[in-house]
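See below for model18.txt, which holds compact mmCIF, C-alpha atoms.
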```txt
# COMPACT_ATOMS: atom_id res chain seq x y z
CA MET A 1197 -17.46 10.33 49.22
CA GLU A 1198 -15.06 11.29 46.44
CA ILE A 1199 -11.69 9.49 46.24
CA PHE A 1200 -8.47 11.24 45.10
CA VAL A 1201 -5.02 9.92 44.23
CA GLU A 1202 -1.52 11.29 44.94
CA ARG A 1203 1.94 9.96 43.99
CA GLY A 1204 5.32 10.48 45.60
CA VAL A 1205 8.57 8.82 46.54
CA SER A 1206 7.10 7.70 49.88
CA ARG A 1207 3.91 7.79 51.95
CA ALA A 1208 5.26 10.79 53.84
CA ASP A 1209 6.00 12.59 50.60
CA CYS A 1210 2.44 11.97 49.40
CA ALA A 1211 1.01 13.17 52.69
CA GLY A 1212 3.04 16.36 52.46
CA LYS A 1213 1.76 17.05 48.95
CA ILE A 1214 -1.87 16.43 50.02
CA GLN A 1215 -1.53 18.72 53.03
CA GLU A 1216 0.01 21.41 50.81
CA GLU A 1217 -2.96 21.22 48.46
CA CYS A 1218 -5.87 20.55 50.84
CA GLY A 1219 -4.76 21.39 54.33
CA PRO A 1220 -4.61 18.98 57.28
CA TRP A 1221 -8.15 17.54 56.82
CA PHE A 1222 -7.75 14.34 54.80
CA ASN A 1223 -7.73 10.58 55.35
CA ILE A 1224 -5.53 8.07 53.46
CA LEU A 1225 -7.44 4.91 52.55
CA ARG A 1226 -4.71 2.73 51.00
CA GLU A 1227 -1.30 2.83 49.37
CA LYS A 1228 0.68 0.77 46.84
CA LYS A 1229 4.16 0.71 45.33
CA ILE A 1230 4.56 1.91 41.73
CA ARG A 1231 7.30 2.72 39.17
CA MET A 1232 7.73 6.43 38.45
CA GLY A 1233 9.57 8.71 36.02
CA GLY A 1234 11.74 7.64 33.09
CA PHE A 1235 10.94 7.62 29.39
CA LEU A 1236 9.47 4.61 27.57
CA GLY A 1237 10.26 2.49 30.61
CA ILE A 1238 13.89 3.65 30.90
CA GLY A 1239 15.22 5.34 34.05
CA THR A 1240 12.19 4.64 36.29
CA HIS A 1241 12.35 4.55 40.07
CA GLU A 1242 10.18 3.16 42.87
CA GLY A 1243 7.43 5.32 44.32
CA VAL A 1244 4.17 5.20 46.24
CA GLU A 1245 0.59 5.91 45.15
CA VAL A 1246 -2.00 6.68 47.83
CA GLU A 1247 -5.77 7.05 47.68
CA TYR A 1248 -7.38 9.57 50.05
CA TYR A 1249 -10.60 11.46 50.68
CA ILE A 1250 -11.59 14.76 52.28
CA PRO A 1251 -14.01 14.41 55.22
CA PRO A 1252 -17.37 16.14 54.64
CA ARG A 1253 -16.77 18.53 57.57
CA ALA A 1254 -13.52 19.71 55.98
CA LEU A 1255 -15.29 20.21 52.65
CA LYS A 1256 -17.80 22.52 54.30
CA THR A 1257 -15.15 24.65 55.98
CA GLN A 1258 -12.84 24.80 52.97
CA ALA A 1259 -15.26 24.63 50.04
CA ALA A 1260 -13.39 27.30 48.11
CA SER A 1261 -10.17 25.29 48.01
CA ALA A 1262 -11.57 21.74 47.85
CA PRO A 1263 -10.02 19.61 45.11
CA VAL A 1264 -12.23 18.38 42.30
CA GLN A 1265 -11.57 15.37 40.04
CA PHE A 1266 -12.44 16.35 36.46
CA PRO A 1267 -13.70 13.76 33.95
CA GLY A 1268 -10.94 12.54 31.67
CA THR A 1269 -8.12 13.46 34.09
CA PRO A 1270 -5.73 10.56 34.92
CA ALA A 1271 -6.39 9.03 38.32
CA SER A 1272 -2.75 9.68 39.24
CA ALA A 1273 -3.00 13.44 38.82
CA SER A 1274 -2.99 15.64 41.93
CA PRO A 1275 -6.02 17.88 42.53
CA SER A 1276 -4.31 21.04 41.30
CA VAL A 1277 -2.98 19.28 38.21
CA ALA A 1278 -6.41 17.74 37.58
CA MET A 1279 -7.95 21.20 37.69
CA THR A 1280 -5.23 22.57 35.43
CA THR A 1281 -5.63 19.73 32.95
CA ALA A 1282 -9.36 20.30 32.73
CA ALA A 1283 -8.80 24.00 32.08
CA THR A 1284 -6.28 23.10 29.42
CA ALA A 1285 -8.70 20.72 27.71
CA ALA A 1286 -11.34 23.42 27.61
CA ASP A 1287 -9.02 26.22 26.51
CA TRP A 1288 -6.70 24.37 24.14
CA GLN A 1289 -8.70 25.41 21.09
CA ASP A 1290 -9.90 28.93 20.36
CA THR A 1291 -13.41 29.85 19.24
CA ASN A 1292 -12.55 29.03 15.63
CA GLY A 1293 -11.39 25.51 16.52
CA SER A 1294 -7.77 26.21 15.57
CA THR A 1295 -4.83 25.07 17.64
CA LEU A 1296 -3.31 27.64 19.99
CA ASN A 1297 0.44 28.10 20.11
CA PHE A 1298 2.35 26.80 23.09
CA GLU A 1299 2.96 30.15 24.77
CA GLU A 1300 -0.74 31.09 24.65
CA ALA A 1301 -1.70 27.69 26.06
CA LYS A 1302 0.90 28.11 28.78
CA LYS A 1303 -0.60 31.41 29.88
CA ARG A 1304 -4.08 29.90 30.02
CA VAL A 1305 -2.92 26.89 32.00
CA LEU A 1306 -1.09 29.03 34.53
CA ALA A 1307 -4.09 31.33 34.81
CA ALA A 1308 -6.31 28.30 35.48
CA ALA A 1309 -3.92 27.32 38.24
CA GLY A 1310 -4.24 30.78 39.78
CA ARG A 1311 -0.64 31.80 39.04
CA ASP A 1312 0.88 34.87 37.45
CA PRO A 1313 2.71 33.73 34.26
CA GLU A 1314 5.35 36.41 34.71
CA GLN A 1315 6.27 35.25 38.21
CA ILE A 1316 6.10 31.49 37.82
CA VAL A 1317 9.89 31.06 37.51
CA SER A 1318 10.57 32.64 40.87
CA HIS A 1319 8.07 30.34 42.61
CA VAL A 1320 8.69 27.01 40.95
CA ALA A 1321 11.74 26.09 43.07
CA ARG A 1322 9.74 26.29 46.29
CA ASP A 1323 6.38 25.09 45.09
CA SER A 1324 6.21 21.48 43.88
CA SER A 1325 2.70 21.98 42.47
CA GLN A 1326 4.10 24.43 39.95
CA GLN A 1327 6.62 21.84 38.82
CA ARG A 1328 3.77 19.46 38.10
CA ILE A 1329 2.08 22.19 36.09
CA LEU A 1330 5.21 22.68 34.01
CA ASP A 1331 5.41 18.92 33.46
CA GLU A 1332 1.87 19.05 32.12
CA LEU A 1333 2.87 21.89 29.81
CA ARG A 1334 5.81 19.94 28.45
CA GLU A 1335 3.54 16.99 27.73
CA ILE A 1336 1.08 19.25 25.94
CA LYS A 1337 3.88 20.78 23.87
CA GLU A 1338 5.09 17.33 22.84
CA ARG A 1339 1.57 16.45 21.72
CA ILE A 1340 1.43 19.63 19.66
CA ASN A 1341 4.76 18.89 17.98
CA SER A 1342 3.89 15.29 17.23
CA GLY A 1343 0.40 16.00 15.95
CA ALA A 1344 0.95 19.31 14.17
CA GLU A 1345 0.38 19.38 10.46
CA LYS A 1346 3.40 19.87 8.21
CA LYS A 1347 3.96 23.34 6.91
CA GLU A 1348 2.87 23.87 3.36
CA GLU A 1349 5.76 23.49 0.88
CA HIS A 1350 6.99 26.58 -0.94
CA PRO A 1351 5.61 26.65 -4.53
CA SER A 1352 9.14 26.70 -5.99
CA LEU A 1353 10.08 23.55 -4.08
CA MET A 1354 6.89 21.86 -5.23
CA ARG A 1355 7.60 22.82 -8.84
CA MET A 1356 11.21 21.60 -8.65
CA GLY A 1357 9.99 18.29 -7.26
CA GLN A 1358 7.59 17.93 -10.17
CA MET A 1359 10.36 18.68 -12.68
CA LEU A 1360 12.66 16.09 -11.14
CA LYS A 1361 9.87 13.53 -11.25
CA LEU A 1362 9.13 14.39 -14.90
CA ASN A 1363 12.75 13.60 -15.77
CA ASP A 1364 12.59 10.22 -13.99
CA PHE A 1365 14.91 11.06 -11.10
CA SER A 1366 14.56 8.54 -8.29
CA GLU A 1367 12.54 9.34 -5.17
CA ARG A 1368 15.64 9.19 -2.98
CA TYR A 1369 17.60 11.52 -5.28
CA THR A 1370 14.65 13.93 -5.50
CA ALA A 1371 14.18 13.98 -1.73
CA ALA A 1372 17.88 14.72 -1.21
CA MET A 1373 17.82 17.61 -3.69
CA LEU A 1374 14.70 19.16 -2.17
CA GLU A 1375 16.12 18.82 1.34
CA ARG A 1376 19.28 20.60 0.20
CA ALA A 1377 17.13 23.36 -1.31
CA ARG A 1378 15.26 23.81 1.98
CA LYS A 1379 18.52 24.16 3.89
CA GLU A 1380 20.57 26.23 1.44
CA MET A 1381 18.16 28.37 -0.58
CA PRO A 1382 17.08 31.58 1.17
CA LEU A 1383 13.52 32.77 0.73
CA GLU A 1384 14.51 35.45 -1.77
CA THR A 1385 16.03 32.76 -4.01
CA LEU A 1386 12.92 30.59 -3.80
CA GLU A 1387 10.81 33.59 -4.71
CA ASN A 1388 12.75 33.89 -7.98
CA PHE A 1389 12.11 30.52 -9.62
CA ASN A 1390 14.60 30.98 -12.49
CA GLU A 1391 17.35 31.56 -9.96
CA ALA A 1392 16.20 28.60 -7.87
CA GLN A 1393 16.18 26.20 -10.83
CA ASP A 1394 19.66 27.44 -11.86
CA HIS A 1395 20.92 26.33 -8.45
CA LEU A 1396 19.17 22.99 -8.87
CA LEU A 1397 20.77 22.47 -12.29
CA GLU A 1398 24.20 23.09 -10.82
CA TRP A 1399 23.55 20.59 -8.05
CA ILE A 1400 22.47 17.98 -10.57
CA GLY A 1401 25.64 18.67 -12.57
CA GLU A 1402 27.75 18.30 -9.43
CA SER A 1403 26.22 14.86 -8.84
CA ILE A 1404 27.39 13.65 -12.28
CA SER A 1405 30.87 12.16 -12.09
CA VAL A 1406 32.87 12.15 -15.33
CA TYR A 1407 35.56 9.50 -15.82
CA GLU A 1408 39.13 10.76 -15.99
CA GLU A 1409 41.28 8.87 -18.44
CA PRO A 1410 44.71 7.76 -17.21
CA PRO A 1411 47.77 9.73 -18.35
CA SER A 1412 48.82 9.13 -21.95
CA GLN A 1413 51.09 6.16 -22.49
CA LYS A 1414 52.83 4.95 -25.60
CA SER A 1415 51.66 1.35 -25.39
CA GLY A 1416 50.07 -1.37 -23.31
CA ARG A 1417 46.72 0.23 -22.41
CA ILE A 1418 43.90 -2.34 -22.18
CA LEU A 1419 40.23 -1.29 -22.25
CA VAL A 1420 37.45 -3.85 -21.74
CA LEU A 1421 33.72 -3.40 -22.35
CA VAL A 1422 31.23 -5.58 -20.48
CA GLY A 1423 27.47 -5.40 -20.26
CA PRO A 1424 24.10 -7.02 -20.99
CA THR A 1425 23.07 -8.32 -24.39
CA GLY A 1426 21.88 -5.78 -26.92
CA VAL A 1427 23.31 -2.58 -25.45
CA GLY A 1428 25.69 -1.94 -28.37
CA LYS A 1429 29.09 -3.10 -27.08
CA THR A 1430 30.49 -4.14 -30.49
CA THR A 1431 29.45 -0.90 -32.18
CA THR A 1432 30.91 1.06 -29.25
CA ILE A 1433 34.20 -0.85 -29.55
CA ALA A 1434 34.36 0.11 -33.24
CA LYS A 1435 33.66 3.76 -32.40
CA LEU A 1436 36.39 3.82 -29.78
CA ALA A 1437 38.80 2.14 -32.20
CA ALA A 1438 38.15 4.92 -34.70
CA VAL A 1439 38.49 7.66 -32.08
CA TYR A 1440 41.84 6.43 -30.77
CA GLY A 1441 43.07 5.28 -34.19
CA LEU A 1442 42.31 8.63 -35.82
CA GLY A 1443 43.14 10.85 -32.85
CA TYR A 1444 40.87 13.26 -31.00
CA SER A 1445 40.95 16.59 -29.15
CA GLY A 1446 44.39 17.35 -30.53
CA LYS A 1447 45.81 13.99 -29.44
CA PRO A 1448 47.74 12.04 -32.08
CA PRO A 1449 46.43 8.70 -33.41
CA MET A 1450 47.80 5.55 -31.82
CA PRO A 1451 48.13 1.88 -32.85
CA VAL A 1452 44.85 0.08 -32.00
CA ARG A 1453 43.90 -3.57 -31.87
CA MET A 1454 40.49 -5.16 -31.25
CA ILE A 1455 40.04 -8.50 -29.50
CA THR A 1456 36.66 -10.16 -29.18
CA ILE A 1457 35.51 -13.11 -27.12
CA ASP A 1458 32.04 -12.82 -28.70
CA ALA A 1459 32.55 -15.46 -31.37
CA PHE A 1460 29.20 -17.14 -30.77
CA ARG A 1461 26.62 -14.46 -31.50
CA ILE A 1462 25.32 -14.71 -35.08
CA GLY A 1463 26.92 -12.00 -37.20
CA ALA A 1464 29.19 -10.71 -34.41
CA ARG A 1465 32.40 -11.85 -36.07
CA THR A 1466 31.37 -10.49 -39.46
CA GLN A 1467 30.37 -7.18 -37.90
CA ILE A 1468 33.65 -6.52 -36.11
CA GLU A 1469 35.69 -7.80 -39.07
CA THR A 1470 33.91 -5.31 -41.30
CA TYR A 1471 34.71 -2.45 -38.96
CA GLY A 1472 38.34 -3.56 -38.67
CA SER A 1473 38.71 -3.84 -42.45
CA ILE A 1474 37.27 -0.36 -43.07
CA MET A 1475 39.52 1.28 -40.45
CA ASP A 1476 42.53 -0.94 -41.17
CA ILE A 1477 42.57 -2.14 -37.54
CA PRO A 1478 43.53 -5.76 -36.77
CA VAL A 1479 41.01 -8.03 -35.04
CA SER A 1480 41.68 -11.18 -32.95
CA TYR A 1481 39.31 -13.87 -31.57
CA VAL A 1482 39.67 -15.79 -28.31
CA ASP A 1483 37.34 -17.94 -26.23
CA ASN A 1484 39.40 -18.80 -23.16
CA ARG A 1485 41.71 -17.26 -20.62
CA ARG A 1486 44.89 -18.88 -21.95
CA ASP A 1487 44.40 -17.58 -25.51
CA LEU A 1488 43.58 -14.09 -24.26
CA ARG A 1489 46.76 -13.99 -22.18
CA ARG A 1490 48.77 -15.10 -25.22
CA GLU A 1491 47.24 -12.39 -27.46
CA LEU A 1492 48.04 -9.72 -24.92
CA ALA A 1493 51.60 -10.94 -24.54
CA LEU A 1494 52.11 -10.86 -28.31
CA TYR A 1495 50.69 -7.41 -29.06
CA GLN A 1496 50.56 -5.31 -25.89
CA ASP A 1497 54.02 -3.75 -26.22
CA GLU A 1498 53.55 -2.69 -29.84
CA THR A 1499 49.95 -1.47 -29.51
CA GLY A 1500 48.86 1.83 -28.02
CA ILE A 1501 45.48 0.54 -26.87
CA ILE A 1502 43.84 -2.90 -27.02
CA LEU A 1503 40.05 -2.84 -27.03
CA ILE A 1504 38.32 -6.01 -25.82
CA ASP A 1505 34.73 -6.80 -26.79
CA THR A 1506 32.91 -9.36 -24.62
CA ILE A 1507 29.91 -11.66 -24.91
CA GLY A 1508 26.66 -10.02 -23.89
CA LYS A 1509 25.33 -11.71 -20.76
CA SER A 1510 22.08 -11.39 -18.91
CA PRO A 1511 22.72 -9.87 -15.48
CA LYS A 1512 20.47 -12.61 -14.09
CA ASN A 1513 22.84 -15.37 -15.29
CA SER A 1514 25.44 -15.30 -12.54
CA ALA A 1515 27.13 -18.53 -13.70
CA LYS A 1516 27.83 -17.19 -17.20
CA LEU A 1517 29.02 -13.88 -15.79
CA GLY A 1518 31.45 -15.81 -13.60
CA GLU A 1519 32.82 -17.70 -16.62
CA MET A 1520 33.42 -14.47 -18.52
CA LYS A 1521 35.14 -12.88 -15.55
CA GLU A 1522 37.51 -15.84 -15.35
CA ILE A 1523 38.53 -15.23 -18.99
CA LEU A 1524 38.99 -11.50 -18.43
CA ASP A 1525 41.20 -12.08 -15.41
CA ALA A 1526 43.96 -12.66 -17.97
CA CYS A 1527 43.97 -8.89 -18.60
CA GLY A 1528 45.45 -8.19 -15.19
CA SER A 1529 44.60 -5.54 -12.62
CA LYS A 1530 45.68 -2.59 -14.79
CA ALA A 1531 42.97 -3.16 -17.39
CA GLU A 1532 40.20 -0.54 -17.52
CA VAL A 1533 36.80 -2.21 -17.41
CA HIS A 1534 33.75 -0.17 -18.47
CA LEU A 1535 30.13 -1.28 -18.11
CA VAL A 1536 28.06 -0.55 -21.22
CA MET A 1537 24.46 0.27 -20.42
CA SER A 1538 21.64 1.56 -22.59
CA ALA A 1539 20.13 4.90 -21.57
CA SER A 1540 16.73 3.46 -22.43
CA THR A 1541 17.03 0.72 -19.78
CA LYS A 1542 14.00 0.50 -17.52
CA THR A 1543 14.42 2.19 -14.17
CA SER A 1544 13.69 -1.06 -12.37
CA ASP A 1545 16.56 -2.81 -14.24
CA ILE A 1546 19.30 -0.18 -13.91
CA GLU A 1547 20.10 -0.87 -10.27
CA HIS A 1548 20.13 -4.63 -10.90
CA ILE A 1549 22.58 -4.29 -13.81
CA LEU A 1550 24.94 -2.04 -11.86
CA ARG A 1551 24.94 -4.47 -8.95
CA GLN A 1552 25.33 -7.71 -10.94
CA PHE A 1553 28.37 -6.48 -12.86
CA GLU A 1554 30.18 -5.25 -9.74
CA PRO A 1555 32.45 -8.36 -9.67
CA PHE A 1556 34.13 -7.06 -12.86
CA ASN A 1557 35.32 -3.98 -10.91
CA TYR A 1558 34.26 -1.68 -13.72
CA SER A 1559 35.83 1.78 -13.61
CA SER A 1560 32.96 3.62 -15.21
CA VAL A 1561 29.85 3.38 -17.36
CA VAL A 1562 29.47 3.85 -21.12
CA LEU A 1563 25.97 5.13 -21.78
CA THR A 1564 24.56 4.12 -25.18
CA LYS A 1565 21.37 4.80 -27.16
CA LEU A 1566 20.78 8.28 -25.80
CA ASP A 1567 18.80 8.95 -28.97
CA GLU A 1568 16.22 6.37 -27.88
CA THR A 1569 15.10 8.12 -24.68
CA SER A 1570 14.09 11.61 -23.68
CA HIS A 1571 14.67 11.28 -19.93
CA THR A 1572 17.92 10.34 -18.20
CA GLY A 1573 17.16 11.27 -14.59
CA ASN A 1574 16.92 7.59 -13.66
CA VAL A 1575 20.47 6.99 -14.95
CA ILE A 1576 21.87 10.10 -13.23
CA SER A 1577 20.20 9.06 -9.97
CA ALA A 1578 21.45 5.47 -10.07
CA LEU A 1579 25.04 6.43 -10.87
CA ALA A 1580 25.11 9.17 -8.25
CA GLU A 1581 23.72 6.87 -5.57
CA ARG A 1582 26.40 4.24 -6.34
CA ASN A 1583 29.22 6.77 -6.88
CA LYS A 1584 29.82 5.62 -10.47
CA SER A 1585 31.23 7.83 -13.22
CA VAL A 1586 30.36 8.07 -16.92
CA SER A 1587 33.12 7.73 -19.53
CA TRP A 1588 31.46 7.89 -22.98
CA MET A 1589 28.03 8.59 -24.41
CA THR A 1590 26.65 7.37 -27.74
CA ASP A 1591 23.54 8.46 -29.61
CA GLY A 1592 23.43 6.57 -32.90
CA GLN A 1593 24.99 3.88 -35.12
CA ASP A 1594 27.35 6.10 -37.11
CA VAL A 1595 31.02 5.16 -36.62
CA PRO A 1596 32.87 7.15 -35.36
CA ASN A 1597 30.67 10.25 -35.19
CA ASP A 1598 27.99 9.14 -32.75
CA ILE A 1599 30.21 8.90 -29.68
CA LYS A 1600 31.32 11.63 -27.33
CA LYS A 1601 33.22 11.85 -24.12
CA ALA A 1602 30.87 12.03 -21.16
CA SER A 1603 29.84 15.51 -20.08
CA ALA A 1604 27.65 16.89 -17.34
CA VAL A 1605 26.70 19.61 -19.83
CA ARG A 1606 25.28 17.02 -22.21
CA PHE A 1607 22.99 15.65 -19.51
CA LEU A 1608 21.85 19.06 -18.30
CA ILE A 1609 20.93 20.56 -21.66
CA ASN A 1610 18.61 17.62 -22.34
CA LEU A 1611 16.54 17.90 -19.15
CA ASP A 1612 12.86 18.61 -19.81
CA GLU A 1613 11.14 21.74 -18.42
CA PHE A 1614 14.40 23.30 -17.21
CA LYS A 1615 15.41 26.64 -18.71
CA VAL A 1616 19.10 26.01 -19.29
CA ASN A 1617 21.54 28.90 -19.59
CA ARG A 1618 24.00 27.07 -21.87
CA GLU A 1619 26.78 29.63 -21.50
CA LYS A 1620 26.51 29.64 -17.70
CA ILE A 1621 26.46 25.85 -17.51
CA GLU A 1622 29.51 25.48 -19.76
CA LYS A 1623 31.46 27.96 -17.64
CA ARG A 1624 30.43 26.15 -14.47
CA PHE A 1625 31.51 22.73 -15.75
CA SER A 1626 34.65 23.86 -17.57
CA LEU A 1627 35.46 24.79 -21.14
CA GLU A 1628 37.32 21.54 -21.67
CA GLU A 1629 34.20 19.55 -20.91
CA ALA A 1630 32.15 21.73 -23.25
CA GLU A 1631 34.67 21.17 -26.02
CA GLN A 1632 34.20 17.43 -25.68
CA LEU A 1633 30.75 17.89 -27.15
CA LYS A 1634 32.38 18.83 -30.46
CA TRP A 1635 33.93 15.47 -31.29
CA SER A 1636 31.46 14.98 -34.08
```
Could you render the structure as structure tokens?
Amino acid sequence: MEIFVERGVSRADCAGKIQEECGPWFNILREKKIRMGGFLGIGTHEGVEVEYYIPPRALKTQAASAPVQFPGTPASASPSVAMTTAATAADWQDTNGSTLNFEEAKKRVLAAAGRDPEQIVSHVARDSSQQRILDELREIKERINSGAEKKEEHPSLMRMGQMLKLNDFSERYTAAMLERARKEMPLETLENFNEAQDHLLEWIGESISVYEEPPSQKSGRILVLVGPTGVGKTTTIAKLAAVYGLGYSGKPPMPVRMITIDAFRIGARTQIETYGSIMDIPVSYVDNRRDLRRELALYQDETGIILIDTIGKSPKNSAKLGEMKEILDACGSKAEVHLVMSASTKTSDIEHILRQFEPFNYSSVVLTKLDETSHTGNVISALAERNKSVSWMTDGQDVPNDIKKASAVRFLINLDEFKVNREKIEKRFSLEEAEQLKWS
């Protein structure tokens, strides 16, 4: 004797379903309460599961319509669904072993159930067995979607990803750029790689934020440089002193003063004194908050810009960073604080440096030693991800020539493997920005 299982909201409901499938000749052996419906355990309701069998006499008289339990079919499936599921398992792959699409599978399942695929909609409302078939189809479709292999990436997208990786862009930045390309680049653009990479260059340029200097003022501007040891803060201070003291981009020279709190590093005082003597720019030394406040009170009104050099601190030494911040608090909230960071900094250290100097509320980043690295994607990525701008860029020790205002153009023309249309890029990111490359 073969045992079958049916589920419903009640015993009567189960009996009705069995009679619909098998006719009046069946016997229910036992029943139990179960939870039905829902998704991942949510939204379930109480139901009944019954076990029944077809008497041998009924099997003889209705052999053509007798239900059969196929191996591998869940015990809870009704006879018609069990038959349908078995047909699906057999037909789900074609003779070549490849996966059929959902519509083809649907037709085969409905055919196995003895239904016309074109008329199923008109019958489903009055035939509960068809609803169960459709439920099976939905489950099969979900399995297809969850187990289907990813579509092969377009060659242009693959190549762009390789170029971004070559230039040390972060994985998160690269993934975001490629996702944008998938959404915004039509197929005809992807087919023309030069056009595709031009779009990518523009997007990279858009992600580079350039610091906007405050409106010109006659006096009282304070600019502070902070950063790790060895990134070139003192040399950068001297370069900025020369730029503002000599004038740039048609702007007139202004009175400049340098203040340093780096009186402890060997040779630091001699170095900045030498620069000040050559450029005829006064230099002051302080080592505490009170003295810094006094220097600012004495010279701020008569000086166009005061440049403050600080002691290089390891970003891992939080206590020392806190002491330096306490001194710099004397500058007040209007001071412009810039974080100096070497372009050759290891990718793993960039994020740590940006985060550890956050308490100084730096306005932007000065990028030094561009001549010591060939890839800057890691810097572009880190700044873009933290919404930080770039103010100046340096690429050598020569004062004042080896410093330029930050420019997206400067970053883009130095990217490896990209074919850069210089004229197009300069038009896209403004003539004024392109002119800033001509400081030297």
- Query: What separation in Å, quoted to one decimal, exists between atom CA of Gln1496 of chain A and atom CA of Gly1426 of chain A?
  - Reply: 28.7 Å
- Proximity to Leu1488 of chain A - best of A:Ile1549, A:Ser1473, A:Thr1506, A:Asn1583, all atoms listed in the file: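 When distances to Leu1488 of chain A are compared using all atoms listed in the file, the smallest one comes from A:Thr1506.
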Mind checking which residues fall within 12 Å of segment 1374-1383 of chain A, counting all atoms listed in the file, ignoring those fewer than 3 positions away in the same chain, and posting them as a PDB file with C-alpha atoms, keeping the file's coordinate frame?
```
ATOM      1  CA  GLU A1349       5.760  23.490   0.880  1.00  0.00           C
ATOM      2  CA  HIS A1350       6.990  26.580  -0.940  1.00  0.00           C
ATOM      3  CA  PRO A1351       5.610  26.650  -4.530  1.00  0.00           C
ATOM      4  CA  SER A1352       9.140  26.700  -5.990  1.00  0.00           C
ATOM      5  CA  LEU A1353      10.080  23.550  -4.080  1.00  0.00           C
ATOM      6  CA  MET A1354       6.890  21.860  -5.230  1.00  0.00           C
ATOM      7  CA  ARG A1355       7.600  22.820  -8.840  1.00  0.00           C
ATOM      8  CA  MET A1356      11.210  21.600  -8.650  1.00  0.00           C
ATOM      9  CA  GLY A1357       9.990  18.290  -7.260  1.00  0.00           C
ATOM     10  CA  GLN A1358       7.590  17.930 -10.170  1.00  0.00           C
ATOM     11  CA  MET A1359      10.360  18.680 -12.680  1.00  0.00           C
ATOM     12  CA  LEU A1360      12.660  16.090 -11.140  1.00  0.00           C
ATOM     13  CA  LYS A1361       9.870  13.530 -11.250  1.00  0.00           C
ATOM     14  CA  GLU A1367      12.540   9.340  -5.170  1.00  0.00           C
ATOM     15  CA  ARG A1368      15.640   9.190  -2.980  1.00  0.00           C
ATOM     16  CA  TYR A1369      17.600  11.520  -5.280  1.00  0.00           C
ATOM     17  CA  THR A1370      14.650  13.930  -5.500  1.00  0.00           C
ATOM     18  CA  ALA A1371      14.180  13.980  -1.730  1.00  0.00           C
ATOM     19  CA  LEU A1386      12.920  30.590  -3.800  1.00  0.00           C
ATOM     20  CA  GLU A1387      10.810  33.590  -4.710  1.00  0.00           C
ATOM     21  CA  ASN A1388      12.750  33.890  -7.980  1.00  0.00           C
ATOM     22  CA  PHE A1389      12.110  30.520  -9.620  1.00  0.00           C
ATOM     23  CA  GLU A1391      17.350  31.560  -9.960  1.00  0.00           C
ATOM     24  CA  ALA A1392      16.200  28.600  -7.870  1.00  0.00           C
ATOM     25  CA  GLN A1393      16.180  26.200 -10.830  1.00  0.00           C
ATOM     26  CA  ASP A1394      19.660  27.440 -11.860  1.00  0.00           C
ATOM     27  CA  HIS A1395      20.920  26.330  -8.450  1.00  0.00           C
ATOM     28  CA  LEU A1396      19.170  22.990  -8.870  1.00  0.00           C
ATOM     29  CA  LEU A1397      20.770  22.470 -12.290  1.00  0.00           C
ATOM     30  CA  GLU A1398      24.200  23.090 -10.820  1.00  0.00           C
ATOM     31  CA  TRP A1399      23.550  20.590  -8.050  1.00  0.00           C
ATOM     32  CA  ILE A1400      22.470  17.980 -10.570  1.00  0.00           C
TER      33      ILE A1400
END
```
- Message: Env of Ser1587 of chain A: 6 Å cut, atoms = all atoms listed in the file, seq-sep filter 2 positions within chain, self excluded. Answer as a PyMOL selection string.
- Response: chain A and resi 1407+1560-1562+1602
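Going from atom CA of Thr1564 of chain A to atom CA of Glu1622 of chain A covers 22.6 Å.
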- Message: Could you check which residues have any atom within 12 Å of (44.3, 8.0, -16.3), counting all atoms listed in the file with coordinates taken straight from the file, and then list them as a list in words?
- Response: Tyr1407, Glu1408, Glu1409, Pro1410, Pro1411, Ser1412, Gln1413, Arg1417, Ile1418, Leu1419, Lys1530, Ala1531, Glu1532, Ser1559 and Ser1587 of chain A
